[in-house]
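Since the structure comes first, as structure tokens, the remarks are kept for the end.
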Amino acid sequence: MSIQIPNLHTSNKTAVEAGAEVFIQRRKDAQHAGVFLVRGKLAFDPATDDYPSGSLQIRVDLSDSAKGVFVVKTVEQLDTTGKHTPTAYATGRCNADVDTKAVGCRYWLMLADNKREGEEQTPDVISFLVYDRTGKRVAYGTGPVSKGDVTISSTSE
């Protein structure tokens with residue numbers, strides 16, 4: 001295994017709230033519903049907070065992924081870019097439920113706030129990746145929000 005130099009994580013002012021479900025037809029089969037749900041809040045204000053924080057879970061029921069719930073334990077980096085359709089990126093550590101049996105998990109998450117709930121335009125988009133302490137992919141998914149909403153405070157950055 002090669003040595004990796006760790007990244008320096010810096011975050012900008014960000015406020016994210018999600019209560020959204022993504023359906024992916026190609027990830028549905030006899031044992032999987034083809035959906036993942038993201039619920040919770042992440043936030044960072046460098047004027048008042050030492051570090052980003054939040055409470056968020058990703059419930060996964062997709063083929064080609066571990067089926068279960070991943071609960072965010074740390075938010076090591078949280079950034080937002082964009083004024084009209086703000087997009088947030090987060091990474092950190094998460095715990096997997098007992099059924100998943102994955103340990104030492106880390107997550108990467110991207111959320112795009114393309115519209116408000118009930119609007120018929122371009123849907124919000126969510127993408128995530130969870131991998132374990134050995135670097136093995138545990139769960140992943142990317143798709144348009146089919147139910148619910150993603151709300152991200154806009155930024156000029």
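As shown in the structure tokens, the chain order sets the letters A, B, ...; within each chain, residues go from 1, and ligands are also counted from 1 in the order they appear.
Around Lys41 of chain A, within 10 Å and counting only C-alpha atoms, the residues found are Ala15, Val16, Glu17, Ala18, Gly19, Val38, Ser53, Gly54, Ser55, Leu56, Gln57, Val150, Thr151 and Ile152 of chain A, once anything fewer than 3 positions away on its own chain is removed.
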Mind dumping the selected residues with C-alpha atoms as a PDB file, in the first residue's frame?
```pdb
ATOM      1  CA  ALA A  15     -26.407  25.343   5.672  1.00  0.00           C
ATOM      2  CA  VAL A  16     -27.994  22.205   4.235  1.00  0.00           C
ATOM      3  CA  GLU A  17     -31.332  20.568   5.019  1.00  0.00           C
ATOM      4  CA  ALA A  18     -32.488  17.413   3.266  1.00  0.00           C
ATOM      5  CA  GLY A  19     -35.568  15.274   3.454  1.00  0.00           C
ATOM      6  CA  VAL A  38     -31.187  11.385   2.782  1.00  0.00           C
ATOM      7  CA  SER A  53     -21.418  19.634  12.244  1.00  0.00           C
ATOM      8  CA  GLY A  54     -24.776  18.069  11.686  1.00  0.00           C
ATOM      9  CA  SER A  55     -27.099  15.147  12.021  1.00  0.00           C
ATOM     10  CA  LEU A  56     -27.779  13.226   8.823  1.00  0.00           C
ATOM     11  CA  GLN A  57     -28.534   9.700   7.700  1.00  0.00           C
ATOM     12  CA  VAL A 150     -32.997  19.647  -0.614  1.00  0.00           C
ATOM     13  CA  THR A 151     -32.474  23.186   0.701  1.00  0.00           C
ATOM     14  CA  ILE A 152     -29.043  24.818   0.649  1.00  0.00           C
TER      15      ILE A 152
END
```
Once DSSP has gone over the backbone, tell me which residues of segment 71-145 of chain A are in strand (DSSP E or B), as an mmCIF file with N, CA, C and O atoms, in the first residue's frame.
```cif
data_model
loop_
_atom_site.group_PDB
_atom_site.id
_atom_site.type_symbol
_atom_site.label_atom_id
_atom_site.label_comp_id
_atom_site.auth_asym_id
_atom_site.auth_seq_id
_atom_site.Cartn_x
_atom_site.Cartn_y
_atom_site.Cartn_z
ATOM 1 N N VAL A 71 -25.205 6.528 9.273
ATOM 2 C CA VAL A 71 -25.435 7.706 10.101
ATOM 3 C C VAL A 71 -24.145 8.514 10.182
ATOM 4 O O VAL A 71 -23.096 7.990 10.588
ATOM 5 N N VAL A 72 -24.226 9.783 9.796
ATOM 6 C CA VAL A 72 -23.068 10.673 9.836
ATOM 7 C C VAL A 72 -22.621 10.866 11.284
ATOM 8 O O VAL A 72 -23.436 11.183 12.147
ATOM 9 N N GLN A 77 -15.400 18.037 6.233
ATOM 10 C CA GLN A 77 -15.365 19.132 5.264
ATOM 11 C C GLN A 77 -16.777 19.364 4.761
ATOM 12 O O GLN A 77 -17.518 18.420 4.472
ATOM 13 N N LEU A 78 -17.168 20.647 4.672
ATOM 14 C CA LEU A 78 -18.491 21.026 4.203
ATOM 15 C C LEU A 78 -18.358 22.323 3.427
ATOM 16 O O LEU A 78 -17.928 23.333 3.983
ATOM 17 N N ASP A 79 -18.681 22.273 2.165
ATOM 18 C CA ASP A 79 -18.544 23.444 1.300
ATOM 19 C C ASP A 79 -19.773 23.607 0.429
ATOM 20 O O ASP A 79 -20.389 22.621 0.021
ATOM 21 N N THR A 80 -20.083 24.865 0.137
ATOM 22 C CA THR A 80 -21.160 25.202 -0.791
ATOM 23 C C THR A 80 -20.601 26.102 -1.864
ATOM 24 O O THR A 80 -19.771 26.971 -1.589
ATOM 25 N N THR A 81 -21.085 25.904 -3.072
ATOM 26 C CA THR A 81 -20.772 26.817 -4.158
ATOM 27 C C THR A 81 -22.055 27.087 -4.920
ATOM 28 O O THR A 81 -22.909 26.212 -5.034
ATOM 29 N N THR A 87 -24.850 24.173 -4.548
ATOM 30 C CA THR A 87 -24.443 22.783 -4.456
ATOM 31 C C THR A 87 -23.528 22.635 -3.253
ATOM 32 O O THR A 87 -22.597 23.414 -3.088
ATOM 33 N N ALA A 88 -23.794 21.640 -2.420
ATOM 34 C CA ALA A 88 -23.000 21.398 -1.215
ATOM 35 C C ALA A 88 -22.262 20.074 -1.344
ATOM 36 O O ALA A 88 -22.773 19.111 -1.929
ATOM 37 N N TYR A 89 -21.057 20.052 -0.785
ATOM 38 C CA TYR A 89 -20.218 18.856 -0.753
ATOM 39 C C TYR A 89 -19.831 18.605 0.699
ATOM 40 O O TYR A 89 -19.454 19.535 1.417
ATOM 41 N N ALA A 90 -19.912 17.364 1.138
ATOM 42 C CA ALA A 90 -19.552 17.009 2.511
ATOM 43 C C ALA A 90 -18.793 15.691 2.520
ATOM 44 O O ALA A 90 -19.008 14.826 1.672
ATOM 45 N N THR A 91 -17.921 15.557 3.497
ATOM 46 C CA THR A 91 -17.209 14.306 3.700
ATOM 47 C C THR A 91 -16.916 14.144 5.188
ATOM 48 O O THR A 91 -16.831 15.127 5.927
ATOM 49 N N GLY A 92 -16.789 12.906 5.611
ATOM 50 C CA GLY A 92 -16.496 12.629 7.017
ATOM 51 C C GLY A 92 -16.663 11.154 7.312
ATOM 52 O O GLY A 92 -16.630 10.309 6.418
ATOM 53 N N ARG A 93 -16.865 10.853 8.597
ATOM 54 C CA ARG A 93 -17.037 9.477 9.037
ATOM 55 C C ARG A 93 -18.510 9.179 9.292
ATOM 56 O O ARG A 93 -19.278 10.071 9.656
ATOM 57 N N CYS A 94 -18.877 7.905 9.104
ATOM 58 C CA CYS A 94 -20.250 7.491 9.375
ATOM 59 C C CYS A 94 -20.243 6.090 9.965
ATOM 60 O O CYS A 94 -19.280 5.353 9.814
ATOM 61 N N ASN A 95 -21.324 5.763 10.628
ATOM 62 C CA ASN A 95 -21.526 4.415 11.151
ATOM 63 C C ASN A 95 -22.560 3.711 10.297
ATOM 64 O O ASN A 95 -23.532 4.324 9.849
ATOM 65 N N ALA A 96 -22.362 2.417 10.114
ATOM 66 C CA ALA A 96 -23.321 1.588 9.400
ATOM 67 C C ALA A 96 -24.138 0.805 10.410
ATOM 68 O O ALA A 96 -23.649 0.473 11.492
ATOM 69 N N CYS A 105 -16.362 3.268 8.386
ATOM 70 C CA CYS A 105 -16.909 3.865 7.165
ATOM 71 C C CYS A 105 -16.654 5.368 7.071
ATOM 72 O O CYS A 105 -16.635 6.076 8.063
ATOM 73 N N ARG A 106 -16.481 5.797 5.832
ATOM 74 C CA ARG A 106 -16.367 7.214 5.482
ATOM 75 C C ARG A 106 -17.359 7.478 4.365
ATOM 76 O O ARG A 106 -17.686 6.586 3.600
ATOM 77 N N TYR A 107 -17.823 8.724 4.293
ATOM 78 C CA TYR A 107 -18.793 9.069 3.266
ATOM 79 C C TYR A 107 -18.326 10.289 2.478
ATOM 80 O O TYR A 107 -17.521 11.096 2.944
ATOM 81 N N TRP A 108 -18.852 10.407 1.271
ATOM 82 C CA TRP A 108 -18.743 11.591 0.433
ATOM 83 C C TRP A 108 -20.167 11.861 -0.025
ATOM 84 O O TRP A 108 -20.890 10.937 -0.404
ATOM 85 N N LEU A 109 -20.589 13.124 0.019
ATOM 86 C CA LEU A 109 -21.964 13.475 -0.293
ATOM 87 C C LEU A 109 -22.003 14.764 -1.098
ATOM 88 O O LEU A 109 -21.290 15.718 -0.787
ATOM 89 N N MET A 110 -22.821 14.791 -2.143
ATOM 90 C CA MET A 110 -23.059 15.998 -2.934
ATOM 91 C C MET A 110 -24.565 16.187 -3.051
ATOM 92 O O MET A 110 -25.297 15.231 -3.341
ATOM 93 N N LEU A 111 -25.013 17.414 -2.784
ATOM 94 C CA LEU A 111 -26.430 17.746 -2.915
ATOM 95 C C LEU A 111 -26.551 19.020 -3.736
ATOM 96 O O LEU A 111 -25.843 20.005 -3.464
ATOM 97 N N ALA A 112 -27.437 19.032 -4.733
ATOM 98 C CA ALA A 112 -27.674 20.212 -5.563
ATOM 99 C C ALA A 112 -29.107 20.682 -5.365
ATOM 100 O O ALA A 112 -30.054 19.909 -5.563
ATOM 101 N N VAL A 125 -30.606 17.110 -7.031
ATOM 102 C CA VAL A 125 -29.807 15.912 -7.301
ATOM 103 C C VAL A 125 -28.989 15.583 -6.059
ATOM 104 O O VAL A 125 -28.469 16.484 -5.393
ATOM 105 N N ILE A 126 -28.872 14.302 -5.755
ATOM 106 C CA ILE A 126 -28.049 13.845 -4.637
ATOM 107 C C ILE A 126 -27.134 12.734 -5.133
ATOM 108 O O ILE A 126 -27.557 11.857 -5.893
ATOM 109 N N SER A 127 -25.884 12.771 -4.669
ATOM 110 C CA SER A 127 -24.915 11.725 -4.963
ATOM 111 C C SER A 127 -24.184 11.384 -3.671
ATOM 112 O O SER A 127 -23.879 12.277 -2.872
ATOM 113 N N PHE A 128 -23.919 10.108 -3.454
ATOM 114 C CA PHE A 128 -23.181 9.713 -2.259
ATOM 115 C C PHE A 128 -22.305 8.505 -2.551
ATOM 116 O O PHE A 128 -22.538 7.749 -3.493
ATOM 117 N N LEU A 129 -21.305 8.350 -1.714
ATOM 118 C CA LEU A 129 -20.421 7.187 -1.744
ATOM 119 C C LEU A 129 -20.039 6.885 -0.302
ATOM 120 O O LEU A 129 -19.683 7.793 0.447
ATOM 121 N N VAL A 130 -20.135 5.617 0.083
ATOM 122 C CA VAL A 130 -19.676 5.156 1.395
ATOM 123 C C VAL A 130 -18.664 4.052 1.151
ATOM 124 O O VAL A 130 -18.899 3.148 0.344
ATOM 125 N N TYR A 131 -17.517 4.148 1.833
ATOM 126 C CA TYR A 131 -16.524 3.088 1.735
ATOM 127 C C TYR A 131 -16.027 2.748 3.136
ATOM 128 O O TYR A 131 -16.173 3.532 4.072
ATOM 129 N N ARG A 137 -15.687 -0.128 -1.537
ATOM 130 C CA ARG A 137 -16.972 0.556 -1.678
ATOM 131 C C ARG A 137 -18.045 -0.266 -0.983
ATOM 132 O O ARG A 137 -18.171 -1.475 -1.189
ATOM 133 N N VAL A 138 -18.857 0.413 -0.165
ATOM 134 C CA VAL A 138 -19.944 -0.234 0.561
ATOM 135 C C VAL A 138 -21.287 0.110 -0.076
ATOM 136 O O VAL A 138 -22.141 -0.750 -0.235
ATOM 137 N N ALA A 139 -21.468 1.383 -0.430
ATOM 138 C CA ALA A 139 -22.729 1.837 -1.027
ATOM 139 C C ALA A 139 -22.465 3.089 -1.844
ATOM 140 O O ALA A 139 -21.563 3.868 -1.532
ATOM 141 N N TYR A 140 -23.292 3.284 -2.879
ATOM 142 C CA TYR A 140 -23.170 4.479 -3.711
ATOM 143 C C TYR A 140 -24.481 4.731 -4.430
ATOM 144 O O TYR A 140 -25.318 3.820 -4.577
ATOM 145 N N GLY A 141 -24.672 5.947 -4.874
ATOM 146 C CA GLY A 141 -25.853 6.266 -5.671
ATOM 147 C C GLY A 141 -25.826 7.720 -6.108
ATOM 148 O O GLY A 141 -25.284 8.571 -5.415
ATOM 149 N N THR A 142 -26.428 7.979 -7.257
ATOM 150 C CA THR A 142 -26.577 9.337 -7.780
ATOM 151 C C THR A 142 -27.874 9.395 -8.561
ATOM 152 O O THR A 142 -28.142 8.506 -9.377
ATOM 153 N N GLY A 143 -28.668 10.429 -8.303
ATOM 154 C CA GLY A 143 -29.893 10.567 -9.079
ATOM 155 C C GLY A 143 -30.692 11.780 -8.685
ATOM 156 O O GLY A 143 -30.379 12.477 -7.719
ATOM 157 N N PRO A 144 -31.770 12.032 -9.449
ATOM 158 C CA PRO A 144 -32.652 13.160 -9.162
ATOM 159 C C PRO A 144 -33.597 12.837 -8.006
ATOM 160 O O PRO A 144 -34.033 11.695 -7.848
ATOM 161 N N VAL A 145 -33.905 13.833 -7.211
ATOM 162 C CA VAL A 145 -34.844 13.664 -6.104
ATOM 163 C C VAL A 145 -36.239 13.422 -6.677
ATOM 164 O O VAL A 145 -36.725 14.193 -7.506
#
```
(message) Would you compute the distance between atom CA of Ala20 of chain A and atom CA of Ala102 of chain A? Give it in Å to one decimal.
(response) 23.9 Å
(message) I need the residue nearest Asp50 of chain A from this list: A:Val103, A:Val22, A:Val75, A:Leu8. Use only C-alpha atoms for the distance.
(response) A:Val75
